file data29.cif (mmCIF, C-alpha atoms)
data_entry
loop_
_atom_site.label_atom_id
_atom_site.label_comp_id
_atom_site.auth_asym_id
_atom_site.auth_seq_id
_atom_site.Cartn_x
_atom_site.Cartn_y
_atom_site.Cartn_z
CA MET A 7 -27.31 -25.58 -19.65
CA SER A 8 -26.37 -28.55 -21.74
CA LYS A 9 -24.16 -28.35 -24.81
CA GLU A 10 -21.97 -30.50 -27.00
CA PHE A 11 -18.35 -29.36 -26.70
CA ASP A 12 -15.51 -29.82 -29.12
CA GLU A 13 -12.61 -30.68 -26.80
CA LYS A 14 -10.11 -29.11 -29.21
CA LEU A 15 -11.75 -25.71 -28.76
CA VAL A 16 -12.02 -25.81 -24.97
CA TYR A 17 -9.29 -23.94 -23.08
CA ASP A 18 -8.00 -25.44 -19.86
CA ILE A 19 -7.92 -22.04 -18.16
CA LEU A 20 -9.67 -18.83 -19.21
CA VAL A 21 -8.43 -15.72 -17.41
CA VAL A 22 -10.67 -12.65 -17.28
CA GLY A 23 -8.44 -9.57 -17.03
CA ALA A 24 -4.89 -8.85 -18.19
CA GLY A 25 -3.54 -6.92 -15.23
CA PRO A 26 -0.58 -8.19 -13.18
CA ALA A 27 -2.73 -10.87 -11.51
CA GLY A 28 -4.20 -12.11 -14.78
CA LEU A 29 -0.89 -12.10 -16.64
CA THR A 30 0.85 -13.93 -13.79
CA ALA A 31 -1.93 -16.52 -13.83
CA ALA A 32 -1.36 -16.96 -17.56
CA ILE A 33 2.37 -17.42 -17.02
CA TYR A 34 1.90 -20.06 -14.33
CA GLY A 35 -0.91 -21.74 -16.20
CA THR A 36 1.08 -22.20 -19.39
CA ARG A 37 4.17 -23.29 -17.46
CA GLY A 38 1.92 -25.91 -15.90
CA GLY A 39 1.25 -27.33 -19.34
CA LYS A 40 -2.28 -25.96 -19.71
CA SER A 41 -3.87 -24.08 -22.59
CA VAL A 42 -4.65 -20.54 -21.44
CA LEU A 43 -6.74 -17.76 -22.94
CA VAL A 44 -6.71 -14.24 -21.46
CA LEU A 45 -9.68 -11.96 -22.18
CA GLU A 46 -9.24 -8.21 -21.65
CA LYS A 47 -11.67 -5.42 -22.50
CA LEU A 48 -9.14 -2.54 -22.63
CA SER A 49 -5.39 -3.16 -22.71
CA TYR A 50 -2.94 -5.37 -20.89
CA GLY A 51 -1.35 -4.12 -17.68
CA GLY A 52 -4.29 -2.93 -15.61
CA GLN A 53 -3.73 0.04 -13.29
CA ILE A 54 0.03 -0.45 -13.08
CA ILE A 55 0.47 0.55 -16.71
CA ASN A 56 -0.27 4.18 -15.71
CA THR A 57 2.39 4.30 -12.96
CA PRO A 58 5.47 6.15 -14.23
CA GLU A 59 7.86 4.65 -11.67
CA VAL A 60 7.66 1.33 -9.83
CA GLU A 61 10.17 1.05 -7.00
CA ASN A 62 8.58 -1.54 -4.71
CA TYR A 63 8.56 -4.67 -6.88
CA PRO A 64 11.17 -7.23 -5.77
CA GLY A 65 13.97 -7.70 -8.26
CA ALA A 66 13.24 -4.49 -10.17
CA LYS A 67 14.91 -1.59 -8.40
CA ARG A 68 13.21 0.95 -10.64
CA THR A 69 11.06 0.52 -13.70
CA SER A 70 7.90 1.95 -15.19
CA GLY A 71 4.51 0.32 -14.92
CA PHE A 72 4.34 0.12 -18.70
CA GLU A 73 7.70 -1.64 -18.97
CA LEU A 74 6.81 -4.11 -16.23
CA ALA A 75 3.38 -4.87 -17.67
CA THR A 76 4.81 -5.28 -21.17
CA SER A 77 7.42 -7.69 -19.85
CA MET A 78 4.69 -9.76 -18.14
CA TYR A 79 2.56 -9.75 -21.29
CA GLU A 80 5.44 -10.80 -23.55
CA GLN A 81 6.45 -13.54 -21.13
CA ALA A 82 2.92 -14.97 -21.06
CA ILE A 83 2.60 -14.88 -24.86
CA GLU A 84 6.03 -16.41 -25.46
CA LEU A 85 5.13 -19.25 -23.11
CA GLY A 86 2.05 -20.00 -25.23
CA ALA A 87 -0.84 -18.10 -23.66
CA LYS A 88 -3.33 -16.52 -26.05
CA MET A 89 -4.95 -13.13 -25.59
CA GLU A 90 -8.13 -11.70 -27.07
CA PHE A 91 -9.82 -8.34 -26.54
CA GLY A 92 -13.45 -8.22 -25.51
CA GLU A 93 -15.58 -7.59 -22.44
CA VAL A 94 -16.93 -10.64 -20.65
CA VAL A 95 -20.66 -10.15 -20.11
CA GLU A 96 -21.72 -13.57 -18.85
CA ILE A 97 -20.27 -16.88 -17.74
CA GLU A 98 -22.51 -19.95 -17.62
CA ARG A 99 -21.66 -23.33 -16.17
CA CYS A 100 -22.69 -26.51 -17.94
CA ASP A 101 -24.41 -29.39 -16.17
CA GLU A 102 -22.39 -31.36 -13.64
CA GLU A 103 -21.67 -34.16 -16.09
CA LEU A 104 -19.92 -31.70 -18.39
CA PRO A 105 -18.15 -29.27 -16.01
CA TYR A 106 -17.20 -26.67 -18.60
CA PHE A 107 -17.98 -22.96 -18.81
CA LEU A 108 -19.41 -20.92 -21.66
CA VAL A 109 -18.05 -17.36 -21.68
CA LYS A 110 -19.98 -14.71 -23.62
CA THR A 111 -18.40 -11.42 -24.69
CA LYS A 112 -19.12 -8.12 -26.39
CA ASN A 113 -16.80 -5.90 -28.40
CA ALA A 114 -15.73 -2.30 -27.88
CA ILE A 115 -18.89 -0.88 -29.49
CA GLY A 116 -21.22 -3.10 -27.51
CA GLU A 117 -21.97 -5.70 -30.16
CA PRO A 118 -21.98 -9.43 -29.29
CA GLY A 119 -18.52 -10.92 -29.57
CA PRO A 120 -17.26 -14.49 -29.79
CA ASP A 121 -18.20 -17.15 -27.23
CA TYR A 122 -15.40 -19.10 -25.58
CA GLU A 123 -15.36 -22.40 -23.73
CA ALA A 124 -13.11 -23.33 -20.82
CA LYS A 125 -12.70 -25.99 -18.17
CA SER A 126 -11.78 -23.47 -15.48
CA ILE A 127 -12.03 -19.72 -14.93
CA ILE A 128 -9.79 -17.22 -13.17
CA LEU A 129 -11.47 -13.87 -12.51
CA ALA A 130 -8.79 -11.17 -12.30
CA THR A 131 -11.08 -8.27 -13.15
CA GLY A 132 -9.30 -5.60 -11.12
CA VAL A 133 -11.10 -2.45 -10.00
CA LYS A 134 -12.28 0.83 -11.51
CA SER A 135 -11.80 4.46 -10.50
CA ARG A 136 -13.99 5.86 -7.75
CA GLU A 137 -15.84 8.90 -9.07
CA LEU A 138 -15.91 12.39 -7.59
CA GLY A 139 -19.69 12.35 -7.16
CA LEU A 140 -20.44 15.98 -8.03
CA PRO A 141 -22.91 17.41 -10.57
CA ARG A 142 -21.60 17.69 -14.16
CA GLU A 143 -18.74 15.29 -13.48
CA GLU A 144 -19.69 13.02 -16.35
CA GLN A 145 -20.28 15.99 -18.65
CA LEU A 146 -16.81 17.41 -17.95
CA THR A 147 -14.92 14.13 -18.01
CA GLY A 148 -12.42 14.59 -20.80
CA ALA A 149 -12.90 18.35 -20.62
CA GLY A 150 -10.77 18.93 -17.56
CA ILE A 151 -11.73 15.99 -15.36
CA SER A 152 -9.51 12.92 -15.54
CA TYR A 153 -8.94 9.75 -13.55
CA CYS A 154 -5.44 9.15 -14.91
CA ALA A 155 -2.78 11.83 -14.56
CA THR A 156 -0.19 9.90 -16.54
CA CYS A 157 -2.70 9.45 -19.36
CA ASP A 158 -3.89 13.05 -19.62
CA GLY A 159 -1.34 15.14 -17.73
CA ALA A 160 0.58 16.24 -20.81
CA PHE A 161 -2.50 18.16 -22.01
CA PHE A 162 -2.11 20.51 -19.05
CA ARG A 163 1.57 21.32 -19.25
CA GLY A 164 2.21 24.74 -17.75
CA LYS A 165 -1.33 24.97 -16.30
CA ASP A 166 -2.69 24.98 -12.74
CA VAL A 167 -4.26 21.66 -11.74
CA ALA A 168 -5.79 19.90 -8.74
CA VAL A 169 -5.21 16.34 -7.62
CA LEU A 170 -7.80 14.87 -5.26
CA GLY A 171 -7.03 12.09 -2.78
CA GLY A 172 -4.72 11.05 0.02
CA GLY A 173 -3.39 7.63 -0.91
CA ASN A 174 -0.42 6.54 -3.00
CA THR A 175 -2.27 7.03 -6.28
CA ALA A 176 -2.95 10.68 -5.47
CA LEU A 177 0.60 11.25 -4.27
CA GLU A 178 2.06 9.67 -7.40
CA ASP A 179 -0.29 11.71 -9.60
CA ALA A 180 0.71 14.93 -7.81
CA GLU A 181 4.39 14.11 -8.17
CA TYR A 182 3.96 13.37 -11.85
CA MET A 183 1.99 16.57 -12.48
CA ALA A 184 4.53 18.65 -10.53
CA GLU A 185 6.94 18.02 -13.39
CA LEU A 186 4.45 19.28 -15.97
CA ALA A 187 2.08 21.79 -14.39
CA LYS A 188 2.70 25.33 -13.24
CA LYS A 189 0.88 24.70 -9.95
CA VAL A 190 -0.47 21.53 -8.30
CA TYR A 191 -3.04 21.66 -5.51
CA LEU A 192 -3.20 18.35 -3.63
CA VAL A 193 -6.61 18.22 -1.94
CA HIS A 194 -7.27 15.73 0.86
CA ARG A 195 -10.18 15.47 3.30
CA ARG A 196 -7.92 14.67 6.27
CA ASN A 197 -4.92 16.44 7.77
CA GLU A 198 -2.54 13.56 7.02
CA PHE A 199 -1.96 11.50 3.90
CA ARG A 200 -2.44 7.74 3.82
CA GLY A 201 0.27 7.17 1.23
CA ASP A 202 4.00 6.58 1.60
CA GLU A 203 5.74 9.13 3.80
CA ILE A 204 8.77 9.32 1.51
CA THR A 205 6.56 10.55 -1.35
CA VAL A 206 4.85 13.08 0.92
CA LYS A 207 8.26 14.49 1.89
CA ARG A 208 9.32 14.83 -1.74
CA LEU A 209 6.09 16.67 -2.56
CA ALA A 210 6.45 18.99 0.43
CA GLU A 211 9.81 20.13 -0.94
CA LYS A 212 8.41 21.11 -4.35
CA GLU A 213 7.72 24.82 -4.71
CA ASN A 214 4.83 24.34 -7.13
CA VAL A 215 2.88 21.89 -4.92
CA GLU A 216 0.41 23.11 -2.29
CA PHE A 217 -1.31 20.81 0.19
CA VAL A 218 -4.98 21.67 0.71
CA LEU A 219 -5.80 19.56 3.75
CA ASP A 220 -9.00 18.99 5.73
CA SER A 221 -10.82 19.92 2.55
CA VAL A 222 -13.39 18.34 0.24
CA PRO A 223 -14.53 19.32 -3.27
CA VAL A 224 -18.03 20.78 -3.38
CA GLU A 225 -18.45 22.22 -6.89
CA ILE A 226 -16.87 21.93 -10.31
CA LEU A 227 -16.64 25.27 -12.09
CA GLY A 228 -16.46 25.99 -15.79
CA GLU A 229 -18.38 25.57 -19.03
CA PRO A 230 -17.72 23.92 -21.46
CA ARG A 231 -14.39 23.09 -19.78
CA VAL A 232 -13.19 23.07 -16.19
CA ASP A 233 -11.85 26.43 -15.03
CA GLY A 234 -12.05 25.98 -11.26
CA LEU A 235 -12.84 23.81 -8.27
CA LYS A 236 -14.61 24.99 -5.13
CA VAL A 237 -13.45 23.23 -1.97
CA LYS A 238 -14.65 23.45 1.64
CA ASN A 239 -12.60 23.08 4.80
CA VAL A 240 -14.36 20.42 6.89
CA LYS A 241 -13.24 22.01 10.17
CA SER A 242 -13.90 25.70 9.54
CA ASN A 243 -16.55 25.33 6.77
CA GLU A 244 -14.63 28.02 4.88
CA GLU A 245 -14.89 27.71 1.10
CA ARG A 246 -12.17 28.46 -1.41
CA VAL A 247 -11.98 28.44 -5.20
CA LEU A 248 -8.94 26.85 -6.81
CA GLU A 249 -8.47 28.33 -10.27
CA VAL A 250 -7.46 25.16 -12.10
CA GLU A 251 -7.93 23.86 -15.62
CA ALA A 252 -7.78 20.19 -14.69
CA ILE A 253 -9.01 18.01 -11.84
CA PHE A 254 -7.34 14.62 -11.44
CA VAL A 255 -9.54 12.36 -9.31
CA ALA A 256 -7.52 9.81 -7.33
CA PHE A 257 -9.99 8.63 -4.71
CA GLY A 258 -9.04 5.01 -5.09
CA ARG A 259 -10.78 2.14 -6.80
CA VAL A 260 -14.04 0.22 -6.49
CA ALA A 261 -14.97 -3.30 -7.54
CA ASP A 262 -17.15 -4.02 -10.58
CA ASN A 263 -18.02 -7.68 -10.06
CA GLN A 264 -21.82 -7.82 -10.15
CA GLY A 265 -21.76 -9.63 -13.48
CA PHE A 266 -20.17 -12.64 -11.81
CA ALA A 267 -22.37 -12.83 -8.70
CA ASN A 268 -23.93 -16.04 -10.04
CA LEU A 269 -20.57 -17.78 -9.64
CA VAL A 270 -18.84 -16.02 -6.73
CA ASP A 271 -20.20 -14.52 -3.52
CA LEU A 272 -19.49 -10.80 -3.10
CA ASN A 273 -18.90 -8.88 0.13
CA ASP A 274 -20.75 -5.67 1.00
CA ALA A 275 -18.28 -3.60 -1.04
CA GLY A 276 -18.66 -5.80 -4.11
CA PHE A 277 -15.32 -7.61 -3.87
CA PHE A 278 -15.06 -11.35 -4.47
CA ASN A 279 -15.34 -13.42 -1.28
CA SER A 280 -12.27 -15.62 -1.20
CA GLY A 281 -9.37 -16.42 1.08
CA GLU A 282 -5.69 -16.50 0.26
CA ASP A 283 -6.24 -19.78 -1.63
CA CYS A 284 -8.22 -17.83 -4.28
CA VAL A 285 -10.90 -20.57 -4.29
CA THR A 286 -14.61 -19.70 -4.66
CA LYS A 287 -17.90 -21.43 -3.96
CA THR A 288 -18.06 -22.65 -7.57
CA GLN A 289 -15.79 -25.53 -8.48
CA GLY A 290 -13.49 -24.51 -11.29
CA VAL A 291 -13.78 -20.76 -10.63
CA PHE A 292 -10.93 -18.90 -8.95
CA VAL A 293 -10.27 -15.21 -8.25
CA ALA A 294 -7.11 -13.12 -8.12
CA GLY A 295 -5.85 -9.59 -7.63
CA ASP A 296 -7.49 -6.36 -6.51
CA ALA A 297 -11.00 -7.62 -7.26
CA ARG A 298 -10.68 -10.09 -4.39
CA GLU A 299 -11.51 -9.30 -0.77
CA LYS A 300 -8.15 -8.59 0.86
CA THR A 301 -6.34 -6.31 3.28
CA ARG A 302 -3.54 -5.12 0.98
CA ARG A 303 -3.91 -4.27 -2.70
CA GLN A 304 -0.39 -3.99 -4.04
CA LEU A 305 1.38 -5.07 -7.21
CA VAL A 306 3.20 -7.85 -5.38
CA THR A 307 -0.01 -9.21 -3.79
CA ALA A 308 -1.72 -9.20 -7.19
CA THR A 309 1.03 -11.28 -8.79
CA ALA A 310 1.02 -13.60 -5.78
CA ASP A 311 -2.71 -14.15 -6.31
CA GLY A 312 -2.09 -14.84 -9.98
CA ALA A 313 0.35 -17.63 -9.14
CA VAL A 314 -1.86 -19.10 -6.39
CA SER A 315 -5.02 -19.08 -8.52
CA ALA A 316 -3.26 -20.68 -11.49
CA MET A 317 -1.82 -23.48 -9.38
CA ALA A 318 -5.24 -24.03 -7.80
CA ALA A 319 -6.78 -24.24 -11.27
CA ILE A 320 -4.11 -26.73 -12.39
CA GLU A 321 -4.82 -28.91 -9.35
CA TYR A 322 -8.54 -28.74 -10.11
CA LEU A 323 -7.93 -29.78 -13.71
CA HIS A 324 -5.77 -32.71 -12.65
CA ASN A 325 -8.56 -33.89 -10.37
CA LEU A 326 -10.99 -33.78 -13.30
CA GLY A 327 -8.91 -36.49 -14.93
#
call {"tool": "encode", "arguments": {"input": "data29.cif", "output": "structure tokens"}}
result
Amino acid sequence: MSKEFDEKLVYDILVVGAGPAGLTAAIYGTRGGKSVLVLEKLSYGGQIINTPEVENYPGAKRTSGFELATSMYEQAIELGAKMEFGEVVEIERCDEELPYFLVKTKNAIGEPGPDYEAKSIILATGVKSRELGLPREEQLTGAGISYCATCDGAFFRGKDVAVLGGGNTALEDAEYMAELAKKVYLVHRRNEFRGDEITVKRLAEKENVEFVLDSVPVEILGEPRVDGLKVKNVKSNEERVLEVEAIFVAFGRVADNQGFANLVDLNDAGFFNSGEDCVTKTQGVFVAGDAREKTRRQLVTATADGAVSAMAAIEYLHNLG
């Protein structure tokens, strides 16, 4: 691609995604004296915005995900970063003599949005919820099936609900729903949880929480709304119906990076191939946060990536001259 660029309209750094990694990148980028644009298709904060209590972020003994994300957003904006809403659908690199990128977007209703131009790109696209994988799941999403307990939990106050999963997200969802629901079934395919032991202990002490271990969901019941979930014990093959009005799916997250495979290599699971330096095969393109191949996906590792990727982008820009 070859195109005439107006230097005044070209951002130094364009960040795709306004989660903790993207917002941290914006903070470090603007502090480094660079013009920064953040593009986000939904809302700032990423997954952390749905966490009611954050207790593992250094310097913040206890806060909510919303408060922490809002503080990051306000800090980035006050420092001079700009933010626009739109989904990035394609990023094209110009010829080598003009090493800029053209970023194409679409709006919330799928119509073409504005194009943006940038000298460097930071992909902090995060991850999306892993689906249940049962018939009628899509049909009943919003009618009893949810992937965000803190978003939809209030609709089921005083009801019986199920939370599916064994990691920290599932444990946090179960703990949140225990304060609202009459009964919470926590369904996990193994006999031990993968999440923090301290949270498991708190849940075990709650009278309205029941662990349903060694069990997997096999059928969603109800029409036009959820009124039950059939589960099967993987050891005994015994089936049981949980009479619930809501199913909160917390099976973890998956990457959604195929749209950027022309710029960054992906591993077998679809995560960006990159080391701790956040550098990719394409000069001027960096990655950060949960979308990157990594061992630990935590809030603190996401913000670390944001800082590292921004400083790498600044170094790249300085080398451009």
call {"tool": "resolve_selection", "arguments": {"input": "data29.cif", "expression": "the PyMOL selection byres ((chain A and resi 178) around 9)", "output": "tab-separated table (two decimals) with C-alpha atoms, keeping the file's coordinate frame"}}
result
chain	number	residue	atom	x	y	z
A	57	THR	CA	2.39	4.30	-12.96
A	58	PRO	CA	5.47	6.15	-14.23
A	59	GLU	CA	7.86	4.65	-11.67
A	155	ALA	CA	-2.78	11.83	-14.56
A	173	GLY	CA	-3.39	7.63	-0.91
A	174	ASN	CA	-0.42	6.54	-3.00
A	175	THR	CA	-2.27	7.03	-6.28
A	176	ALA	CA	-2.95	10.68	-5.47
A	177	LEU	CA	0.60	11.25	-4.27
A	179	ASP	CA	-0.29	11.71	-9.60
A	180	ALA	CA	0.71	14.93	-7.81
A	181	GLU	CA	4.39	14.11	-8.17
A	182	TYR	CA	3.96	13.37	-11.85
A	183	MET	CA	1.99	16.57	-12.48
A	205	THR	CA	6.56	10.55	-1.35
call {"tool": "atom_distance", "arguments": {"input": "data29.cif", "atom1": "atom CA of Leu192 of chain A", "atom2": "atom CA of Ala275 of chain A"}}
result
26.8 Å
call {"tool": "closest_residue", "arguments": {"input": "data29.cif", "among": "A:Ala87, A:Arg246, A:Tyr191, A:Val22", "to": "Ala210 of chain A", "atoms": "all atoms listed in the file"}}
result
A:Tyr191
call {"tool": "closest_residue", "arguments": {"input": "data29.cif", "among": "A:Thr131, A:Ser49, A:Gln289, A:Thr301", "to": "Asn263 of chain A", "atoms": "all atoms listed in the file"}}
result
A:Thr131
call {"tool": "atom_distance", "arguments": {"input": "data29.cif", "atom1": "atom CA of Glu185 of chain A", "atom2": "atom CA of Arg163 of chain A"}}
result
8.6 Å
call {"tool": "resolve_selection", "arguments": {"input": "data29.cif", "expression": "the PyMOL selection byres ((chain A and resi 27-29) around 8)", "output": "list in words"}}
result
Val21, Val22, Gly23, Ala24, Gly25, Pro26, Thr30, Ala31, Ala32, Ile33, Val44, Met78, Tyr79, Ala82, Ile128, Leu129, Ala130, Ala294, Gly295, Ala308, Thr309, Ala310, Asp311, Gly312 and Ala313 of chain A
call {"tool": "closest_residue", "arguments": {"input": "data29.cif", "among": "A:Glu96, A:Glu137, A:Glu282, A:Asp296", "to": "Pro120 of chain A", "atoms": "only C-alpha atoms"}}
result
A:Glu96
call {"tool": "residues_around", "arguments": {"input": "data29.cif", "residues": "Thr76 of chain A", "least_positions_apart": "4", "cutoff": "10 Å", "atoms": "only C-alpha atoms", "output": "list in words"}}
result
Leu29, Tyr50, Gly51, Ile55, Ser70, Gly71, Phe72, Glu80, Gln81 and Ala82 of chain A
call {"tool": "atom_distance", "arguments": {"input": "data29.cif", "atom1": "atom CA of Val232 of chain A", "atom2": "atom CA of Glu249 of chain A"}}
result
9.2 Å
call {"tool": "resolve_selection", "arguments": {"input": "data29.cif", "expression": "the PyMOL selection byres ((chain A and resi 106) around 8)", "output": "CSV table (one decimal) with C-alpha atoms, in the frame of the given file"}}
result
chain,number,residue,atom,x,y,z
A,99,ARG,CA,-21.7,-23.3,-16.2
A,100,CYS,CA,-22.7,-26.5,-17.9
A,104,LEU,CA,-19.9,-31.7,-18.4
A,105,PRO,CA,-18.2,-29.3,-16.0
A,107,PHE,CA,-18.0,-23.0,-18.8
A,108,LEU,CA,-19.4,-20.9,-21.7
A,123,GLU,CA,-15.4,-22.4,-23.7
A,124,ALA,CA,-13.1,-23.3,-20.8
A,125,LYS,CA,-12.7,-26.0,-18.2
A,126,SER,CA,-11.8,-23.5,-15.5
call {"tool": "closest_residue", "arguments": {"input": "data29.cif", "among": "A:Phe161, A:Tyr322, A:Phe292, A:Tyr153", "to": "Val255 of chain A", "atoms": "only C-alpha atoms"}}
result
A:Tyr153
call {"tool": "residues_around", "arguments": {"input": "data29.cif", "residues": "Cys154 of chain A", "least_positions_apart": "3", "cutoff": "7 Å", "atoms": "all atoms listed in the file", "output": "list of chain:residue names"}}
result
A:Cys157, A:Asp158, A:Phe254
call {"tool": "closest_residue", "arguments": {"input": "data29.cif", "among": "A:Val16, A:Leu85, A:Val250, A:Ala256", "to": "Asp121 of chain A", "atoms": "all atoms listed in the file"}}
result
A:Val16
call {"tool": "closest_residue", "arguments": {"input": "data29.cif", "among": "A:Ile115, A:Leu269, A:Ala261, A:Leu43", "to": "Gly132 of chain A", "atoms": "all atoms listed in the file"}}
result
A:Ala261
call {"tool": "residues_near_point", "arguments": {"input": "data29.cif", "point": "(-20.7, -12.9, -9.3)", "cutoff": "10 Å", "atoms": "all atoms listed in the file", "output": "PDB file with C-alpha atoms, in the frame of the given file"}}
result
ATOM      1  CA  GLU A  96     -21.720 -13.570 -18.850  1.00  0.00           C
ATOM      2  CA  ILE A  97     -20.270 -16.880 -17.740  1.00  0.00           C
ATOM      3  CA  LEU A 129     -11.470 -13.870 -12.510  1.00  0.00           C
ATOM      4  CA  ASP A 262     -17.150  -4.020 -10.580  1.00  0.00           C
ATOM      5  CA  ASN A 263     -18.020  -7.680 -10.060  1.00  0.00           C
ATOM      6  CA  GLN A 264     -21.820  -7.820 -10.150  1.00  0.00           C
ATOM      7  CA  GLY A 265     -21.760  -9.630 -13.480  1.00  0.00           C
ATOM      8  CA  PHE A 266     -20.170 -12.640 -11.810  1.00  0.00           C
ATOM      9  CA  ALA A 267     -22.370 -12.830  -8.700  1.00  0.00           C
ATOM     10  CA  ASN A 268     -23.930 -16.040 -10.040  1.00  0.00           C
ATOM     11  CA  LEU A 269     -20.570 -17.780  -9.640  1.00  0.00           C
ATOM     12  CA  VAL A 270     -18.840 -16.020  -6.730  1.00  0.00           C
ATOM     13  CA  ASP A 271     -20.200 -14.520  -3.520  1.00  0.00           C
ATOM     14  CA  LEU A 272     -19.490 -10.800  -3.100  1.00  0.00           C
ATOM     15  CA  GLY A 276     -18.660  -5.800  -4.110  1.00  0.00           C
ATOM     16  CA  PHE A 277     -15.320  -7.610  -3.870  1.00  0.00           C
ATOM     17  CA  PHE A 278     -15.060 -11.350  -4.470  1.00  0.00           C
ATOM     18  CA  ASN A 279     -15.340 -13.420  -1.280  1.00  0.00           C
TER      19      ASN A 279
END
call {"tool": "residues_around", "arguments": {"input": "data29.cif", "residues": "Leu219 of chain A", "least_positions_apart": "3", "cutoff": "12 Å", "atoms": "all atoms listed in the file", "output": "list in words"}}
result
Val169, Leu170, Gly171, Gly172, Tyr191, Leu192, Val193, His194, Arg195, Arg196, Asn197, Glu198, Phe199, Glu216, Val222, Pro223, Val237, Lys238, Asn239, Val240, Lys241 and Ser242 of chain A
call {"tool": "residues_around", "arguments": {"input": "data29.cif", "residues": "Arg231 of chain A", "least_positions_apart": "3", "cutoff": "6 Å", "atoms": "all atoms listed in the file", "output": "list in words"}}
result
Ala149, Gly150 and Gly228 of chain A
call {"tool": "decode", "arguments": {"input": "data29.cif", "residues": "segment 133-145 of chain A", "atoms": "C-alpha atoms", "output": "PDB file, in the first residue's frame"}}
result
ATOM      1  CA  VAL A 133      -9.654 -12.112  25.512  1.00  0.00           C
ATOM      2  CA  LYS A 134     -13.318 -13.112  25.304  1.00  0.00           C
ATOM      3  CA  SER A 135     -15.466 -15.492  27.337  1.00  0.00           C
ATOM      4  CA  ARG A 136     -15.244 -19.201  26.585  1.00  0.00           C
ATOM      5  CA  GLU A 137     -18.712 -20.497  25.736  1.00  0.00           C
ATOM      6  CA  LEU A 138     -20.551 -23.396  27.342  1.00  0.00           C
ATOM      7  CA  GLY A 139     -20.860 -25.282  24.053  1.00  0.00           C
ATOM      8  CA  LEU A 140     -24.335 -26.757  24.517  1.00  0.00           C
ATOM      9  CA  PRO A 141     -27.377 -26.583  22.216  1.00  0.00           C
ATOM     10  CA  ARG A 142     -29.561 -23.463  22.605  1.00  0.00           C
ATOM     11  CA  GLU A 143     -26.816 -21.576  24.434  1.00  0.00           C
ATOM     12  CA  GLU A 144     -26.933 -18.658  22.024  1.00  0.00           C
ATOM     13  CA  GLN A 145     -30.733 -18.657  22.039  1.00  0.00           C
TER      14      GLN A 145
END
